[in-house]
Amino acid sequence: MNTLTCAAPAKLNLFLHVVGRRADGYHLLQTLFRFIDLNDTLRYTLRADGDVRRVDALDGVPPEQDLCVRAARLLQQETGCKQGVDIGLEKRIPMGGGLGGGSSDAATTLLALNRLWGLDLSRERLMQLGLRLGADVPVFVFGENAFAEGVGERLQPYPLPEAWYVVLCPPVHVPTVQIFTHPELTRNTISMTMRALPKGPDFRVGRSDGLVLGNDLQAVACKLYPEVAEHLAWLAKFAPALMTGSGACVFAEFATEKEAQAVLQQLPPNMRGFVAQGLQQHPLKDFAVSEAV
Ligand SMILES: C[C@@](CO)(OP(=O)(O)O)[C@H](O)COP(=O)(O)OP(=O)(O)OC[C@H]1O[C@@H](n2ccc(N)nc2=O)[C@H](O)[C@@H]1O
Ligand SMILES: Nc1ncnc2c1ncn2[C@@H]1O[C@H](COP(=O)(O)OP(=O)(O)O)[C@@H](O)[C@H]1O
């Protein structure tokens, strides 16, 4: 086996609460991750000389900062592996939209090279390595829709119903760090247990009896980027609408693809968006093996 072609799916945060802050400044979150069927495609080809190379450029991301390259080099450092790889990336997930594309590319790289290089690291070990690359990486290695705590590394599977999403992409780039460091960010939402949430199959975005499940990063993002507020207001005419992650993308949930497409067709010409189906699990879920418990 010399090459592998693998998908890296996007995610939505179906809600996101900021419940505290760690001593190092990182924020403690509670969030619900859902994978969707918008993928980047990555192609890995073995190199015998030990080099890790991106074969096509990604706008605005120098190779040494590229999360795929960093993931591959981290694996080499940690395992002493002497093999290299050429990495091709077909980018479809909008960058900096809160859809987790960079993190997902990194997770897919860890999973794919673990196999291509024959490293045999466990899922848990790959998740630990992933966390060093970004707070969102572990869930993609975990491979299931999940309730996440901590900075996103404490994960419990959360099965979700079939659903379609209209996702709108406001034409702005929202830097994650700008939202998390904003003085007006609220950081004291009451923490809850997963048992307080509706049972997975009953979960509906914005319609969870008695519980307010929003995105605590949204108010600051809307203040700094009025385009985010405008896109939310348009989508909210059809169904409860929320921002994903630190933005800028916003989404609403629908029970059928037909309903979602009907909304997308009414999108004004100055707005961009797409329809995506919620996945039940990550396409590479079976690529890693968990440690025995
Ligand atoms: C907000 C979320 C929700 O899923 O998603 P995105 O909007 O990025 O998709 C994530 O927590 C983002 O995770 P990720 O994009 O991996 O962030 P990182 O690279 O680890 O962090 C970027 C910067 O954001 C701040 N940060 C990030 C995560 C966190 N829990 N607390 C923070 O304060 C830190 O200042 C950090 O330096
Ligand atoms: N392979 C990659 N794909 C996308 N972004 C990357 C990648 N490698 C590094 N980055 C950097 O990570 C930033 C965040 O990207 P991304 O994960 O797509 O968005 P978000 O964190 O908002 O979900 C990008 O703006 C880019 O500078």
# chains A, B, ... in the order shown; residues from 1 in each chain; ligands from 1
$ residues_near_ligand --ligand "ligand 1" --cutoff "8 Å" --atoms "only C-alpha atoms and all ligand atoms" --output "PyMOL selection string"
chain A and resi 11-13+16+21+25-29+31+33+96-103+131+133-137+150-152+176-181+217+244-247
$ closest_atom_pairs --of "region 187-219 of chain A" --to "region 153-163 of chain A" --cutoff "9 Å" --atoms "only C-alpha atoms" --output "CSV"
residue,atom,partner,partner_atom,distance
A:Met194,CA,A:Gln156,CA,8.6
A:Lys199,CA,A:Tyr158,CA,8.5
A:Gly200,CA,A:Leu160,CA,4.9
A:Pro201,CA,A:Pro161,CA,4.6
A:Asp202,CA,A:Pro161,CA,7.1
A:Phe203,CA,A:Leu160,CA,6.8
A:Arg204,CA,A:Pro161,CA,8.4
$ write_last_selection --atoms "N, CA and C atoms" --output "compact mmCIF listing (two decimals), in the first residue's frame"
# COMPACT_ATOMS: atom_id res chain seq x y z
N MET A 194 -24.43 15.65 30.93
CA MET A 194 -25.01 15.23 29.66
C MET A 194 -26.43 14.69 29.86
N LYS A 199 -32.45 13.29 25.21
CA LYS A 199 -31.83 12.06 24.70
C LYS A 199 -31.45 12.30 23.25
N GLY A 200 -30.30 11.76 22.83
CA GLY A 200 -29.75 12.04 21.51
C GLY A 200 -30.77 12.12 20.38
N PRO A 201 -31.57 11.04 20.17
CA PRO A 201 -32.48 11.05 19.02
C PRO A 201 -33.55 12.15 19.11
N ASP A 202 -33.78 12.71 20.33
CA ASP A 202 -34.79 13.76 20.49
C ASP A 202 -34.20 15.16 20.34
N PHE A 203 -32.88 15.22 20.14
CA PHE A 203 -32.24 16.54 20.11
C PHE A 203 -32.63 17.31 18.85
N ARG A 204 -33.08 18.54 19.03
CA ARG A 204 -33.37 19.43 17.90
C ARG A 204 -32.69 20.76 18.18
$ atom_distance --atom1 "CA of Val166 (chain A)" --atom2 "CA of Gln277 (chain A)"
9.0 Å
$ closest_residue --among "A:Ser104, A:Gln218, A:Thr256, A:Gln261" --to "Leu242 (chain A)" --atoms "only C-alpha atoms"
A:Gln218
$ closest_atom_pairs --of "region 21-56 of chain A" --to "region 68-88 of chain A" --cutoff "8 Å" --atoms "only C-alpha atoms" --output "JSON lines"
{"residue": "A:Leu42", "atom": "CA", "partner": "A:Gly88", "partner_atom": "CA", "distance": 5.5}
{"residue": "A:Arg43", "atom": "CA", "partner": "A:Gly88", "partner_atom": "CA", "distance": 4.9}
{"residue": "A:Tyr44", "atom": "CA", "partner": "A:Ile87", "partner_atom": "CA", "distance": 4.9}
{"residue": "A:Thr45", "atom": "CA", "partner": "A:Asp86", "partner_atom": "CA", "distance": 5.1}
{"residue": "A:Leu46", "atom": "CA", "partner": "A:Val85", "partner_atom": "CA", "distance": 4.6}
{"residue": "A:Arg47", "atom": "CA", "partner": "A:Gly84", "partner_atom": "CA", "distance": 4.6}
{"residue": "A:Ala48", "atom": "CA", "partner": "A:Gln83", "partner_atom": "CA", "distance": 5.5}
{"residue": "A:Asp49", "atom": "CA", "partner": "A:Gly84", "partner_atom": "CA", "distance": 6.1}
{"residue": "A:Gly50", "atom": "CA", "partner": "A:Gly84", "partner_atom": "CA", "distance": 3.7}
{"residue": "A:Asp51", "atom": "CA", "partner": "A:Gly84", "partner_atom": "CA", "distance": 4.6}
{"residue": "A:Val52", "atom": "CA", "partner": "A:Val85", "partner_atom": "CA", "distance": 4.9}
{"residue": "A:Arg53", "atom": "CA", "partner": "A:Asp86", "partner_atom": "CA", "distance": 4.9}
{"residue": "A:Arg54", "atom": "CA", "partner": "A:Ile87", "partner_atom": "CA", "distance": 4.8}
{"residue": "A:Val55", "atom": "CA", "partner": "A:Gly88", "partner_atom": "CA", "distance": 5.3}
{"residue": "A:Asp56", "atom": "CA", "partner": "A:Gly88", "partner_atom": "CA", "distance": 6.2}
$ closest_residue --among "A:Ala252, A:Ala219, A:Ala229, A:Ala239" --to "Glu184 (chain A)" --atoms "only C-alpha atoms"
A:Ala219
$ closest_residue --among "A:Leu111, A:Val174, A:Ala148, A:Cys6" --to "Lys223 (chain A)" --atoms "only C-alpha atoms"
A:Val174
$ atom_distance --atom1 "CA of Ala288 (chain A)" --atom2 "CA of Leu119 (chain A)"
10.8 Å
$ residues_around --residues "Ala276 (chain A)" --least-positions-apart "4" --cutoff "9 Å" --atoms "only C-alpha atoms" --output "list in words"
Ile36, Asp37, Leu38, Ala163, Trp164, Tyr165, Val166, Val167, Glu257 and Ala260 of chain A
$ write_last_selection --atoms "C-alpha atoms" --output "compact mmCIF listing (two decimals), in the first residue's frame"
# COMPACT_ATOMS: atom_id res chain seq x y z
CA ILE A 36 -21.69 16.76 8.26
CA ASP A 37 -21.22 15.45 4.73
CA LEU A 38 -19.08 18.34 3.47
CA ALA A 163 -31.15 15.83 9.95
CA TRP A 164 -30.21 18.27 7.20
CA TYR A 165 -28.67 21.66 7.69
CA VAL A 166 -28.71 24.90 5.75
CA VAL A 167 -25.28 26.42 6.35
CA GLU A 257 -33.46 17.49 2.61
CA ALA A 260 -33.55 22.50 3.61
$ atom_distance --atom1 "CA of Gly273 (chain A)" --atom2 "CA of Ala236 (chain A)"
14.4 Å
$ residues_around --residues "Met271 (chain A)" --least-positions-apart "6" --cutoff "10 Å" --atoms "only C-alpha atoms" --output "VMD selection string"
chain A and resid 168 to 171 227 230 to 231 234 264
$ closest_residue --among "A:Asn270, A:Thr186, A:Gln128, A:Thr108" --to "Asp286 (chain A)" --atoms "only C-alpha atoms"
A:Thr108
$ select_by_dssp --residues "region 170-252 of chain A" --states "alpha helix (DSSP H)" --output "ChimeraX atom specification"
/A:176-180,218-224,226-235
$ write_last_selection --atoms "C-alpha atoms" --output "tab-separated table (two decimals), in the first residue's frame"
chain	number	residue	atom	x	y	z
A	176	THR	CA	-11.04	32.29	16.97
A	177	VAL	CA	-8.61	34.04	19.31
A	178	GLN	CA	-10.33	37.42	18.78
A	179	ILE	CA	-13.64	36.05	20.04
A	180	PHE	CA	-12.16	34.17	23.01
A	218	GLN	CA	-22.27	34.36	18.94
A	219	ALA	CA	-23.05	37.72	20.61
A	220	VAL	CA	-19.45	38.93	20.37
A	221	ALA	CA	-19.07	37.66	16.79
A	222	CYS	CA	-22.29	39.48	15.78
A	223	LYS	CA	-21.09	42.68	17.39
A	224	LEU	CA	-17.70	42.60	15.66
A	226	PRO	CA	-22.57	42.55	11.55
A	227	GLU	CA	-22.65	40.23	8.50
A	228	VAL	CA	-22.92	37.29	10.92
A	229	ALA	CA	-25.96	38.90	12.58
A	230	GLU	CA	-27.54	39.59	9.15
A	231	HIS	CA	-27.14	35.98	8.02
A	232	LEU	CA	-28.55	34.69	11.33
A	233	ALA	CA	-31.56	37.01	11.04
A	234	TRP	CA	-32.32	35.80	7.52
A	235	LEU	CA	-32.07	32.11	8.43
$ closest_residue --among "A:Leu121, A:Met1, A:Ala57, A:Leu113" --to "ligand 2" --atoms "only C-alpha atoms and all ligand atoms"
A:Ala57
$ closest_residue --among "A:Thr5, A:Gln265, A:Gln30, A:Asn39" --to "ligand 2" --atoms "only C-alpha atoms and all ligand atoms"
A:Asn39
